Amino acid sequence: MLKKIFIILPFILLLSCQSNAQKSKTTTEFSIQKTKEEWKTTLTNNEYYVLREAGTERAFTGKYNKFYEEGTYQCKACNTSLFKSNNKFDSGTGWPSFDTPIKGNIGYNTDNDVGYTRSEIHCNTCGGHLGHVFNDGPKETTGKRYCVNSVSLTFEAK
Ligand SMILES: [Zn+2]
């Protein structure tokens with residue numbers, strides 16, 4: 001029985017991400033393209049690590065984890081609007097969590113960095129890594145949890 005679940009699970013994950021994955025762009029298609037050196041002049045070391053090297057900030061350390069002002073969250077690297085504050089919820093995971101992104105501004109990829117397949121999310125304008133999306137979000141809305149690093153975000157109050 002267990003074995004069966006392990007076989008089926010990757011297919012479910014694949015299927016659930018497929019429609020989004022097909023829309024995601026390859027790195028050469030992002031409208032903002034910069035070299036490593038150029039990014040390093042505009043981003044701090046920690047921002048570079050998360051946004052450009054797909055790093056993860058430590059849980060419960062991010063600026064926007066327990067932050068509930070009204071406004072819009074933008075990409076730290078290029079200021080593209082990514083999430084609205086009314087889609088933010090407290091997931092208890094230690095990272096800012098949203099149930100819905102701003103349509104079209106986020107791209108999806110899959111990664112296996114932690115031993116299972118996850119849906120990676122990034123800014124569709126500059127390719128900056130944001131975090132991952134999981135299927136354990138609020139059931140009363142989308143059921144999605146967009147788990148985002150605070151480091152990847154900047155906030156504009158309403
Ligand atoms: Zn960006």
# chains A, B, ... in the order shown; residues from 1 in each chain; ligands from 1

call {"tool": "residues_near_ligand", "arguments": {"ligand": "ligand 1", "cutoff": "7 Å", "atoms": "only C-alpha atoms and all ligand atoms", "output": "ChimeraX atom specification"}}
result
/A:75-80,123-128

call {"tool": "residues_around", "arguments": {"residues": "Glu156 in chain A", "least_positions_apart": "2", "cutoff": "8 Å", "atoms": "only C-alpha atoms", "output": "list in words"}}
result
Gly71, Thr72, Tyr73, Gln74, Thr154 and Lys158 of chain A

call {"tool": "write_last_selection", "arguments": {"atoms": "C-alpha atoms", "output": "tab-separated table (two decimals), in the first residue's frame"}}
result
chain	number	residue	atom	x	y	z
A	71	GLY	CA	-0.40	46.96	0.24
A	72	THR	CA	1.50	45.12	-2.44
A	73	TYR	CA	4.55	42.87	-2.23
A	74	GLN	CA	7.01	43.37	-5.05
A	154	THR	CA	9.81	44.58	-0.89
A	158	LYS	CA	-1.51	51.06	0.04

call {"tool": "closest_residue", "arguments": {"among": "A:Phe30, A:Lys36, A:Asn46, A:Phe134", "to": "Thr117 in chain A", "atoms": "only C-alpha atoms"}}
result
A:Phe134

call {"tool": "atom_distance", "arguments": {"atom1": "CA of Val133 in chain A", "atom2": "CA of Ile102 in chain A"}}
result
13.8 Å

call {"tool": "closest_residue", "arguments": {"among": "A:Asn109, A:Glu47, A:Gly104, A:Tyr116", "to": "His132 in chain A", "atoms": "only C-alpha atoms"}}
result
A:Asn109

call {"tool": "closest_residue", "arguments": {"among": "A:His129, A:Lys144, A:Lys103, A:Arg118", "to": "Thr56 in chain A", "atoms": "only C-alpha atoms"}}
result
A:His129

call {"tool": "atom_distance", "arguments": {"atom1": "CA of Phe98 in chain A", "atom2": "CA of Arg145 in chain A"}}
result
5.7 Å

call {"tool": "closest_residue", "arguments": {"among": "A:Gly94, A:Leu43, A:Ser119, A:Glu53", "to": "Phe67 in chain A", "atoms": "only C-alpha atoms"}}
result
A:Gly94

call {"tool": "residues_around", "arguments": {"residues": "Asp136 in chain A", "least_positions_apart": "3", "cutoff": "12 Å", "atoms": "only C-alpha atoms", "output": "list in words"}}
result
Ser91, Gly92, Thr93, Ser97, Phe98, Asp99, His132, Val133, Lys139, Glu140, Thr141, Thr142, Gly143, Lys144, Arg145, Tyr146 and Cys147 of chain A

call {"tool": "write_last_selection", "arguments": {"atoms": "C-alpha atoms", "output": "PDB file, in the first residue's frame"}}
result
ATOM      1  CA  SER A  91       0.706  29.573   7.763  1.00  0.00           C
ATOM      2  CA  GLY A  92       2.771  29.149  10.919  1.00  0.00           C
ATOM      3  CA  THR A  93       5.681  27.905   8.806  1.00  0.00           C
ATOM      4  CA  SER A  97       2.565  32.798   2.843  1.00  0.00           C
ATOM      5  CA  PHE A  98       0.012  33.717   0.197  1.00  0.00           C
ATOM      6  CA  ASP A  99      -2.905  31.812  -1.324  1.00  0.00           C
ATOM      7  CA  HIS A 132       7.903  27.338  -3.520  1.00  0.00           C
ATOM      8  CA  VAL A 133       4.199  26.630  -3.860  1.00  0.00           C
ATOM      9  CA  LYS A 139      -9.042  25.128   1.777  1.00  0.00           C
ATOM     10  CA  GLU A 140     -11.659  27.889   1.859  1.00  0.00           C
ATOM     11  CA  THR A 141      -9.764  29.839  -0.834  1.00  0.00           C
ATOM     12  CA  THR A 142      -7.326  28.255  -3.313  1.00  0.00           C
ATOM     13  CA  GLY A 143      -5.764  25.461  -1.246  1.00  0.00           C
ATOM     14  CA  LYS A 144      -2.359  26.784  -2.318  1.00  0.00           C
ATOM     15  CA  ARG A 145       0.442  28.025  -0.103  1.00  0.00           C
ATOM     16  CA  TYR A 146       2.899  30.273  -1.884  1.00  0.00           C
ATOM     17  CA  CYS A 147       5.794  30.128   0.548  1.00  0.00           C
TER      18      CYS A 147
END

call {"tool": "residues_around", "arguments": {"residues": "Thr44 in chain A", "least_positions_apart": "5", "cutoff": "12 Å", "atoms": "only C-alpha atoms", "output": "list in words"}}
result
Glu37, Glu38, Trp39, Tyr49, Val50, Leu51, Arg52, Lys76, Ala77, Val151 and Ser152 of chain A

call {"tool": "atom_distance", "arguments": {"atom1": "CA of Glu29 in chain A", "atom2": "CA of His122 in chain A"}}
result
13.0 Å

call {"tool": "select_by_dssp", "arguments": {"residues": "range 3-153 of chain A", "states": "helix (DSSP H, G or I)", "output": "MDAnalysis selection string"}}
result
chainID A and resid 3:23 27:29 36:42 45:53 85:87 150:152

call {"tool": "select_by_dssp", "arguments": {"residues": "chain A", "states": "strand (DSSP E)", "output": "ChimeraX atom specification"}}
result
/A:71-75,81-84,88-89,97-98,106-111,118-123,129-134,145-148,153-157

call {"tool": "residues_around", "arguments": {"residues": "Asn65 in chain A", "least_positions_apart": "3", "cutoff": "7 Å", "atoms": "only C-alpha atoms", "output": "PyMOL selection string"}}
result
chain A and resi 60+62+94-96+150

call {"tool": "decode", "arguments": {"residues": "range 46-75 of chain A", "atoms": "N, CA, C and O atoms", "output": "CSV table (one decimal), in the first residue's frame"}}
result
chain,number,residue,atom,x,y,z
A,46,ASN,N,22.9,38.4,1.0
A,46,ASN,CA,21.7,37.5,1.4
A,46,ASN,C,20.7,37.5,0.3
A,46,ASN,O,20.1,36.5,-0.1
A,47,GLU,N,20.4,38.7,-0.3
A,47,GLU,CA,19.4,38.8,-1.3
A,47,GLU,C,19.9,38.1,-2.6
A,47,GLU,O,19.1,37.4,-3.2
A,48,TYR,N,21.2,38.2,-2.9
A,48,TYR,CA,21.7,37.5,-4.0
A,48,TYR,C,21.6,36.0,-3.8
A,48,TYR,O,21.2,35.3,-4.7
A,49,TYR,N,21.9,35.5,-2.6
A,49,TYR,CA,21.9,34.1,-2.3
A,49,TYR,C,20.5,33.5,-2.5
A,49,TYR,O,20.3,32.5,-3.1
A,50,VAL,N,19.5,34.3,-2.1
A,50,VAL,CA,18.1,33.8,-2.2
A,50,VAL,C,17.6,34.0,-3.6
A,50,VAL,O,17.1,33.0,-4.3
A,51,LEU,N,17.7,35.2,-4.2
A,51,LEU,CA,17.1,35.5,-5.5
A,51,LEU,C,17.8,34.8,-6.6
A,51,LEU,O,17.2,34.4,-7.6
A,52,ARG,N,19.1,34.8,-6.6
A,52,ARG,CA,19.9,34.4,-7.8
A,52,ARG,C,20.4,32.9,-7.6
A,52,ARG,O,20.8,32.3,-8.6
A,53,GLU,N,20.5,32.5,-6.4
A,53,GLU,CA,21.1,31.1,-6.2
A,53,GLU,C,20.0,30.2,-5.5
A,53,GLU,O,20.4,29.1,-5.0
A,54,ALA,N,18.8,30.6,-5.5
A,54,ALA,CA,17.6,29.8,-5.0
A,54,ALA,C,17.9,29.4,-3.5
A,54,ALA,O,17.5,28.3,-3.2
A,55,GLY,N,18.4,30.3,-2.7
A,55,GLY,CA,18.6,30.0,-1.3
A,55,GLY,C,17.3,30.2,-0.6
A,55,GLY,O,16.3,30.6,-1.1
A,56,THR,N,17.4,29.8,0.7
A,56,THR,CA,16.2,29.9,1.6
A,56,THR,C,16.6,30.6,2.9
A,56,THR,O,17.6,30.2,3.5
A,57,GLU,N,15.8,31.7,3.2
A,57,GLU,CA,16.1,32.3,4.5
A,57,GLU,C,15.7,31.4,5.6
A,57,GLU,O,14.8,30.6,5.5
A,58,ARG,N,16.3,31.6,6.8
A,58,ARG,CA,15.9,30.8,8.0
A,58,ARG,C,14.5,31.1,8.4
A,58,ARG,O,14.1,32.3,8.4
A,59,ALA,N,13.7,30.1,8.7
A,59,ALA,CA,12.3,30.3,9.1
A,59,ALA,C,12.2,31.2,10.3
A,59,ALA,O,13.1,31.3,11.1
A,60,PHE,N,11.2,32.0,10.3
A,60,PHE,CA,10.9,33.0,11.4
A,60,PHE,C,11.9,34.1,11.5
A,60,PHE,O,11.9,34.8,12.5
A,61,THR,N,12.7,34.3,10.6
A,61,THR,CA,13.7,35.4,10.6
A,61,THR,C,13.3,36.5,9.7
A,61,THR,O,13.9,37.6,9.7
A,62,GLY,N,12.4,36.3,8.7
A,62,GLY,CA,12.1,37.2,7.7
A,62,GLY,C,11.3,38.4,8.1
A,62,GLY,O,10.5,38.3,9.0
A,63,LYS,N,11.6,39.5,7.5
A,63,LYS,CA,10.9,40.8,7.8
A,63,LYS,C,9.4,40.8,7.6
A,63,LYS,O,8.7,41.4,8.3
A,64,TYR,N,8.9,40.0,6.7
A,64,TYR,CA,7.5,40.0,6.4
A,64,TYR,C,6.7,38.7,6.9
A,64,TYR,O,5.6,38.5,6.5
A,65,ASN,N,7.4,37.9,7.7
A,65,ASN,CA,6.7,36.7,8.2
A,65,ASN,C,5.5,37.1,9.0
A,65,ASN,O,4.4,36.6,8.7
A,66,LYS,N,5.6,38.0,10.0
A,66,LYS,CA,4.5,38.4,10.8
A,66,LYS,C,4.2,39.9,10.5
A,66,LYS,O,4.5,40.8,11.3
A,67,PHE,N,3.8,40.2,9.3
A,67,PHE,CA,3.6,41.5,8.8
A,67,PHE,C,2.3,41.6,8.1
A,67,PHE,O,2.1,40.8,7.1
A,68,TYR,N,1.4,42.4,8.5
A,68,TYR,CA,0.0,42.4,8.0
A,68,TYR,C,-0.5,43.8,7.5
A,68,TYR,O,-1.7,44.0,7.7
A,69,GLU,N,0.4,44.6,7.0
A,69,GLU,CA,-0.1,45.9,6.6
A,69,GLU,C,-0.7,45.7,5.2
A,69,GLU,O,-0.4,44.8,4.5
A,70,GLU,N,-1.6,46.7,4.8
A,70,GLU,CA,-2.2,46.6,3.5
A,70,GLU,C,-1.4,47.2,2.4
A,70,GLU,O,-0.8,48.3,2.6
A,71,GLY,N,-1.2,46.5,1.4
A,71,GLY,CA,-0.4,47.0,0.2
A,71,GLY,C,0.0,45.8,-0.7
A,71,GLY,O,-0.7,44.8,-0.7
A,72,THR,N,1.1,46.1,-1.4
A,72,THR,CA,1.5,45.1,-2.4
A,72,THR,C,2.9,44.7,-2.2
A,72,THR,O,3.8,45.5,-1.9
A,73,TYR,N,3.2,43.4,-2.3
A,73,TYR,CA,4.5,42.9,-2.2
A,73,TYR,C,5.1,42.8,-3.6
A,73,TYR,O,4.5,42.3,-4.6
A,74,GLN,N,6.3,43.3,-3.7
A,74,GLN,CA,7.0,43.4,-5.1
A,74,GLN,C,8.3,42.6,-5.0
A,74,GLN,O,8.9,42.4,-4.0
A,75,CYS,N,8.8,42.3,-6.2
A,75,CYS,CA,10.1,41.6,-6.3
A,75,CYS,C,11.2,42.6,-5.9
A,75,CYS,O,11.3,43.7,-6.3
